[in-house]
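In what follows, a single structure is set out as C-alpha cells and then discussed.
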2 protein chains.
Amino acid sequence: MKKVVVAGQPDTRPCADCAVRPHAICAVLEQDELRRLEQLGQRLQYRPNAPVFTQEEIATSCYNLLEGVMRLYKLLPDGRRQIVGFALPGDFLGISVNGRHGISADAVGPVVVCRFVKKSFSRFVEDRPNLLRRINEFVARDLTEAQAQMVLLGRRSAEEKVATFLVKWRDRLAQTGLATAITPLPMSRLDIADYLGLTIETVSRTFTKLERDEVIEIVHGGIRLADAARAEAMAAA
Amino acid sequence: MKKVVVAGQPDTRPCADCAVRPHAICAVLEQDELRRLEQLGQRLQYRPNAPVFTQEEIATSCYNLLEGVMRLYKLLPDGRRQIVGFALPGDFLGISVNGRHGISADAVGPVVVCRFVKKSFSRFVEDRPNLLRRINEFVARDLTEAQAQMVLLGRRSAEEKVATFLVKWRDRLAQTGLATAITPLPMSRLDIADYLGLTIETVSRTFTKLERDEVIEIVHGGIRLADAARAEAMAAA
DNA sequence: CGTAAAATTGATATTTCTCAATGAGAGTGG
DNA sequence: CCACTCTCATTGAGAAATATCAATTTTACG
C-alpha cells in the first residue's frame, strides 16, 4: 500500500476558527486554555482507507476528528470484522483502557484529525476538571450508543438493522449540520454489513427491498429517505 | 409482583470494612474522604428479580454493587430483550447521559447495593478529580467490554458465543476473588440467551453439545470447564 | 407430594449465509 | 474519446445456522 499519511502543514487554521469546536471536547475550554491546547495538537490528513491507529498498538496519541468519516472496528484472528462505530467530525478517539488501543480506526474518505500526544494531553487534562468531565460525557455517550448497537446486533432483523442504520446515520449527519435531502453514505456496503453483523449480499438485498417498498430511494453515493416515517417505525427503539 | 426492595437497616458495616472497596470506585479515596462519602451512601437490599432502575426513568441515583449479580438490559417496544451486561460486586451503575437511565437493571439473585443520590454524589465528585478519573476509567472499561460484546453479537456463531461467555464469566468471577472449580451460573438460560442474541433453545442445545464434546460439564447451578483450553480456543479474540 | 417454572429435546420453518454469476461506475492508457 | 479493467454492488440458487413450535423432562417450591 502507498504511503497514506500526509504530514501536517504548519497550522494555517488554528483552533480559533475550528469548525467542529462547538461539538468537540474543546467546547468547554476558555480562550487562553484553547491557545495552550493548540500548542499540543498537530493537524494531520489521511487518505481514504488509511489506518489512523490499530488494535493492540500502544496508544500514544488521541485524536479529534475534524473532517471526514472514520470507521472503528475490531478484527477476529480469522479476519472477521465488526465495525463498532463510525466517527464524525467532533468525535474524540483513542481513549484506551490498558495503554493499548482496543480498536482499529481508519479513514473512510479523506480525513483530517487533530492529534494529541497522550502524555502531554493527559497532563493538560489533569488540572482541568472541566475538560475531564467533558471527556467523561463523551465516553458515556459512546457507551450508551454501544448499548443501543448491542440491541440492534442481538435482537433485530436484517431489515430493521438497515432501516435503523439509515435513520440514525441521517440524524447524526443532521446534528453535525450536514442535513440534506439526500443522505450520503460514504462507507461501502461491506462497511455497512460489518457494522450491522450481516453480509454484503444481505445488505444489498435489503436496500433493494426497501427501495421496492418505497421506503428509500437508492441514489449514487447515498440514499433518499422517501418514507422517513416508515423507516423510523422500523427503527423504533 | 411483591414488594421487593428491603429498606436499608442502619449501616452495621461501614465503608471501612467494605469487601468490594478495592475493586470499586471508592478505592481511590483517602480515609477521611471515605467517611465523607459514607454519609451519602445508603445500603439497600433487593430480592431476586427485583428491579433496581429502569430504562427511561429519570436517573436520580447511582449505585455501587456490593453483593450479588445484576442484569443490565434494554427492551424493545415489542418485548424483545437484549442484556447488555451482567454486573458483579464492585461495579458502578447508573451513569446516565441525558438525565434518564439508558438501560434497566435488576437483581439476578439477592443483591446488596450502596446507593447514592446523584445530586449530592455529583457535588462530592466535583472537588475530587481523582474520583472523577476513576469513574472515567470504569466507563472506559465498560465501553471496551461493550465493543468486545458487539463483535460477539455480530460476528460469532452460537457455539463461539456460549464458549466465550463461559470463559469470560469464569475470568470475571476469578478477578473478584470467586474462583472455584465449578463456575456458578446464577442467571437463567433465558438471561444467557438474551445476552448472546440467541434463543433459549439454542443456548440449551449448545450447552448440551459442549458437554457431549467434553468441553464442559453441566452441573447443578453452573458448569465445570472440563477442557478450559479448548473453550478458550473457541473464545479466542 | 403436587404444581409451576425452567431446561431440554425434537421436528420443522425461516432467515441469513455462501457460492456463483452478472452488472454498473471509475479510472487508465491507447 | 473509447475500450479495458478493476472494484463494488446487485441478483440468483441452494446450503446452513438458528428460530419457532411443540412435547417432555427436570428442578424448584409450597
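Ligands are numbered from 1 in the order shown, chains are lettered A, B, ... in the order of the C-alpha cells, and residues start at 1 in each chain.
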
Quiz prompt | segment 178-182 of chain B surroundings by only C-alpha atoms (C1' of nucleotides), 9 Å radius, close-in-sequence under 4 positions cut, as a count of residues only | solution = 10

Practice problem: Within segment 9-123 of chain B, find each residue whose DSSP state, derived from the backbone, is strand (DSSP E), and express the selection as a ChimeraX atom specification. | Solution: /B:41-46,51-53,61-67,70-75,81-87,92-93,104-107,111-117

Quiz item: Residues of chain D within 10 Å of chain B, using only C-alpha atoms (C1' of nucleotides), as a list in words?
Solution: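 My answer is DA17, DT18, DA19, DT20 and DT27 of chain D.
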
Practice problem: Pick out the chain B residues within 7 Å of chain A. Count only C-alpha atoms. Give them as a list in words. | Solution: Leu76, Pro77, Arg80, Gln82, Val84, Val97, Gly102, Pro129, Asn136, Glu137, Val139, Ala140, Arg141, Leu143, Thr144, Ala146, Gln147, Met150, Val151, Leu153, Gly154, Arg155, Leu196, Gly197 and Ala237 of chain B

Practice problem: Mind giving me the straight-line distance from atom CA of Arg115 of chain A to atom CA of Arg36 of chain A in Å, one decimal? | Solution: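 It comes out at 14.3 Å.
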
Self-check item: Gap from atom CA of Gln39 of chain A to atom CA of Val20 of chain A - Å, one decimal
Solution: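 Calculated distance between atom CA of Gln39 of chain A and atom CA of Val20 of chain A is 17.6 Å.
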
Exercise. Report as number ranges by chain the set of chain C residues whose atoms approach chain A to within 12 Å, with distances computed over only C-alpha atoms (C1' of nucleotides).
Key: C: 14-19, 24-25

Would you output that residue set with N, CA and C atoms (P, O5', C5', C4', C3', O3' and C1' of nucleotides), as a PDB file, in the first residue's frame?
ATOM      1  P    DT C  14     -42.370 -20.575   7.529  1.00  0.00           P
ATOM      2  O5'  DT C  14     -41.097 -19.669   7.792  1.00  0.00           O
ATOM      3  C5'  DT C  14     -40.773 -19.323   9.140  1.00  0.00           C
ATOM      4  C4'  DT C  14     -39.427 -18.641   9.166  1.00  0.00           C
ATOM      5  C3'  DT C  14     -39.167 -17.724   7.974  1.00  0.00           C
ATOM      6  O3'  DT C  14     -38.926 -16.450   8.518  1.00  0.00           O
ATOM      7  C1'  DT C  14     -37.308 -19.148   8.372  1.00  0.00           C
ATOM      8  P    DT C  15     -38.686 -15.162   7.596  1.00  0.00           P
ATOM      9  O5'  DT C  15     -37.202 -14.735   7.986  1.00  0.00           O
ATOM     10  C5'  DT C  15     -36.734 -15.014   9.297  1.00  0.00           C
ATOM     11  C4'  DT C  15     -35.224 -15.079   9.298  1.00  0.00           C
ATOM     12  C3'  DT C  15     -34.557 -14.020   8.427  1.00  0.00           C
ATOM     13  O3'  DT C  15     -33.688 -13.287   9.267  1.00  0.00           O
ATOM     14  C1'  DT C  15     -33.676 -16.181   7.965  1.00  0.00           C
ATOM     15  P    DT C  16     -32.940 -11.987   8.777  1.00  0.00           P
ATOM     16  O5'  DT C  16     -31.535 -12.567   8.302  1.00  0.00           O
ATOM     17  C5'  DT C  16     -30.761 -13.302   9.244  1.00  0.00           C
ATOM     18  C4'  DT C  16     -29.672 -14.048   8.534  1.00  0.00           C
ATOM     19  C3'  DT C  16     -28.820 -13.199   7.589  1.00  0.00           C
ATOM     20  O3'  DT C  16     -27.489 -13.231   8.081  1.00  0.00           O
ATOM     21  C1'  DT C  16     -29.413 -15.276   6.597  1.00  0.00           C
ATOM     22  P    DC C  17     -26.238 -12.766   7.228  1.00  0.00           P
ATOM     23  O5'  DC C  17     -25.695 -14.140   6.624  1.00  0.00           O
ATOM     24  C5'  DC C  17     -25.421 -15.214   7.530  1.00  0.00           C
ATOM     25  C4'  DC C  17     -24.805 -16.379   6.780  1.00  0.00           C
ATOM     26  C3'  DC C  17     -23.576 -16.008   5.951  1.00  0.00           C
ATOM     27  O3'  DC C  17     -22.579 -17.000   6.163  1.00  0.00           O
ATOM     28  C1'  DC C  17     -25.230 -17.011   4.562  1.00  0.00           C
ATOM     29  P    DT C  18     -21.120 -16.838   5.521  1.00  0.00           P
ATOM     30  O5'  DT C  18     -21.161 -17.733   4.202  1.00  0.00           O
ATOM     31  C5'  DT C  18     -21.587 -19.087   4.290  1.00  0.00           C
ATOM     32  C4'  DT C  18     -21.604 -19.691   2.911  1.00  0.00           C
ATOM     33  C3'  DT C  18     -20.421 -19.298   2.017  1.00  0.00           C
ATOM     34  O3'  DT C  18     -19.876 -20.491   1.490  1.00  0.00           O
ATOM     35  C1'  DT C  18     -22.466 -18.944   0.878  1.00  0.00           C
ATOM     36  P    DC C  19     -18.487 -20.497   0.695  1.00  0.00           P
ATOM     37  O5'  DC C  19     -18.965 -20.667  -0.819  1.00  0.00           O
ATOM     38  C5'  DC C  19     -19.924 -21.665  -1.144  1.00  0.00           C
ATOM     39  C4'  DC C  19     -20.422 -21.454  -2.551  1.00  0.00           C
ATOM     40  C3'  DC C  19     -19.344 -21.033  -3.554  1.00  0.00           C
ATOM     41  O3'  DC C  19     -19.503 -21.814  -4.731  1.00  0.00           O
ATOM     42  C1'  DC C  19     -21.171 -19.549  -3.648  1.00  0.00           C
ATOM     43  P    DA C  24     -26.450  -2.806 -15.794  1.00  0.00           P
ATOM     44  O5'  DA C  24     -25.595  -1.801 -14.912  1.00  0.00           O
ATOM     45  C5'  DA C  24     -25.886  -1.682 -13.515  1.00  0.00           C
ATOM     46  C4'  DA C  24     -24.857  -0.789 -12.879  1.00  0.00           C
ATOM     47  C3'  DA C  24     -24.473   0.428 -13.719  1.00  0.00           C
ATOM     48  O3'  DA C  24     -24.354   1.526 -12.841  1.00  0.00           O
ATOM     49  C1'  DA C  24     -22.550  -0.802 -13.208  1.00  0.00           C
ATOM     50  P    DG C  25     -24.635   2.978 -13.365  1.00  0.00           P
ATOM     51  O5'  DG C  25     -23.363   3.733 -12.817  1.00  0.00           O
ATOM     52  C5'  DG C  25     -22.143   3.035 -12.755  1.00  0.00           C
ATOM     53  C4'  DG C  25     -21.245   3.635 -11.729  1.00  0.00           C
ATOM     54  C3'  DG C  25     -20.568   4.901 -12.230  1.00  0.00           C
ATOM     55  O3'  DG C  25     -20.038   5.625 -11.121  1.00  0.00           O
ATOM     56  C1'  DG C  25     -19.127   3.023 -12.420  1.00  0.00           C
TER      57       DG C  25
END

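When only C-alpha atoms (C1' of nucleotides) are used to measure the gap to DT25 of chain D, the shortest distance among C:DA7, C:DG27, C:DT22, C:DA13 belongs to C:DA7.
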
DT9 of chain C: which residues within 9 Å, counting only C-alpha atoms (C1' of nucleotides), same-chain residues fewer than 3 positions away excluded, as a compact mmCIF listing (two decimals) with C-alpha atoms (C1' of nucleotides), in the first residue's frame?
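Contents of the output file part_3.txt:
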# COMPACT_ATOMS: atom_id res chain seq x y z
CA ARG B 205 -28.59 -27.21 22.67
C1' DA D 23 -43.62 -32.07 23.66
C1' DT D 24 -41.20 -33.91 27.51
C1' DT D 25 -38.19 -33.97 31.43

Quiz item: From the list B:Pro51, B:Pro22, B:Gly68, B:Gly177, which residue is nearest Gly109 of chain B when using only C-alpha atoms?
Solution: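 For Gly109 of chain B, the nearest of the candidates is B:Gly68.
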
Exercise. Enter the distance from atom CA of Cys62 of chain A to atom CA of Glu30 of chain A, in Å, rounded to one decimal.
Key: 20.7 Å

Write out as an mmCIF file with N, CA and C atoms, in the first residue's frame the residues lying within 10 Å of Ala24 of chain B, counting only C-alpha atoms (C1' of nucleotides) and excluding same-chain residues fewer than 4 positions away.
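As a result, part19.cif now contains:
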data_model
loop_
_atom_site.group_PDB
_atom_site.id
_atom_site.type_symbol
_atom_site.label_atom_id
_atom_site.label_comp_id
_atom_site.auth_asym_id
_atom_site.auth_seq_id
_atom_site.Cartn_x
_atom_site.Cartn_y
_atom_site.Cartn_z
ATOM 1 N N CYS B 18 -15.694 -2.540 53.904
ATOM 2 C CA CYS B 18 -16.390 -2.909 52.668
ATOM 3 C C CYS B 18 -15.516 -3.858 51.859
ATOM 4 N N ALA B 19 -16.066 -5.013 51.560
ATOM 5 C CA ALA B 19 -15.279 -6.047 50.872
ATOM 6 C C ALA B 19 -14.926 -5.655 49.444
ATOM 7 N N VAL B 20 -15.778 -4.879 48.802
ATOM 8 C CA VAL B 20 -15.544 -4.591 47.392
ATOM 9 C C VAL B 20 -14.729 -3.330 47.164
ATOM 10 N N VAL B 28 -9.930 4.828 45.321
ATOM 11 C CA VAL B 28 -9.009 5.965 45.212
ATOM 12 C C VAL B 28 -9.187 6.988 46.328
ATOM 13 N N ASN B 64 -23.226 1.505 43.774
ATOM 14 C CA ASN B 64 -22.128 0.544 43.839
ATOM 15 C C ASN B 64 -22.739 -0.805 44.140
ATOM 16 N N LEU B 65 -22.433 -1.792 43.327
ATOM 17 C CA LEU B 65 -22.933 -3.128 43.621
ATOM 18 C C LEU B 65 -22.002 -3.768 44.659
ATOM 19 N N LEU B 66 -22.575 -4.195 45.763
ATOM 20 C CA LEU B 66 -21.766 -4.757 46.847
ATOM 21 C C LEU B 66 -21.801 -6.274 46.867
ATOM 22 N N PRO B 89 -20.085 -7.542 42.002
ATOM 23 C CA PRO B 89 -19.678 -6.658 43.099
ATOM 24 C C PRO B 89 -18.481 -5.794 42.706
ATOM 25 N N GLY B 90 -18.558 -4.524 43.036
ATOM 26 C CA GLY B 90 -17.510 -3.582 42.675
ATOM 27 C C GLY B 90 -17.902 -2.713 41.497
ATOM 28 N N ASP B 91 -18.891 -3.166 40.724
ATOM 29 C CA ASP B 91 -19.291 -2.392 39.556
ATOM 30 C C ASP B 91 -20.084 -1.158 39.969
ATOM 31 N N PHE B 92 -19.945 -0.136 39.172
ATOM 32 C CA PHE B 92 -20.622 1.139 39.429
ATOM 33 C C PHE B 92 -21.689 1.336 38.356
ATOM 34 N N ARG B 134 -11.256 8.057 38.200
ATOM 35 C CA ARG B 134 -11.570 6.655 38.459
ATOM 36 C C ARG B 134 -12.881 6.261 37.765
ATOM 37 N N ILE B 135 -13.872 7.118 37.907
ATOM 38 C CA ILE B 135 -15.160 6.840 37.254
ATOM 39 C C ILE B 135 -14.960 6.776 35.746
ATOM 40 N N PHE B 138 -13.702 3.519 34.745
ATOM 41 C CA PHE B 138 -14.753 2.497 34.795
ATOM 42 C C PHE B 138 -15.629 2.565 33.548
#

Practice problem: Tell me which protein, DNA and RNA residues are within 12 Å of Asp213 of chain A, counting only C-alpha atoms (C1' of nucleotides), leaving out same-chain ones fewer than 4 positions away, and put them as an MDAnalysis selection string. | Solution: chainID A and resid 159 206:209 217:218 225:227 230:231
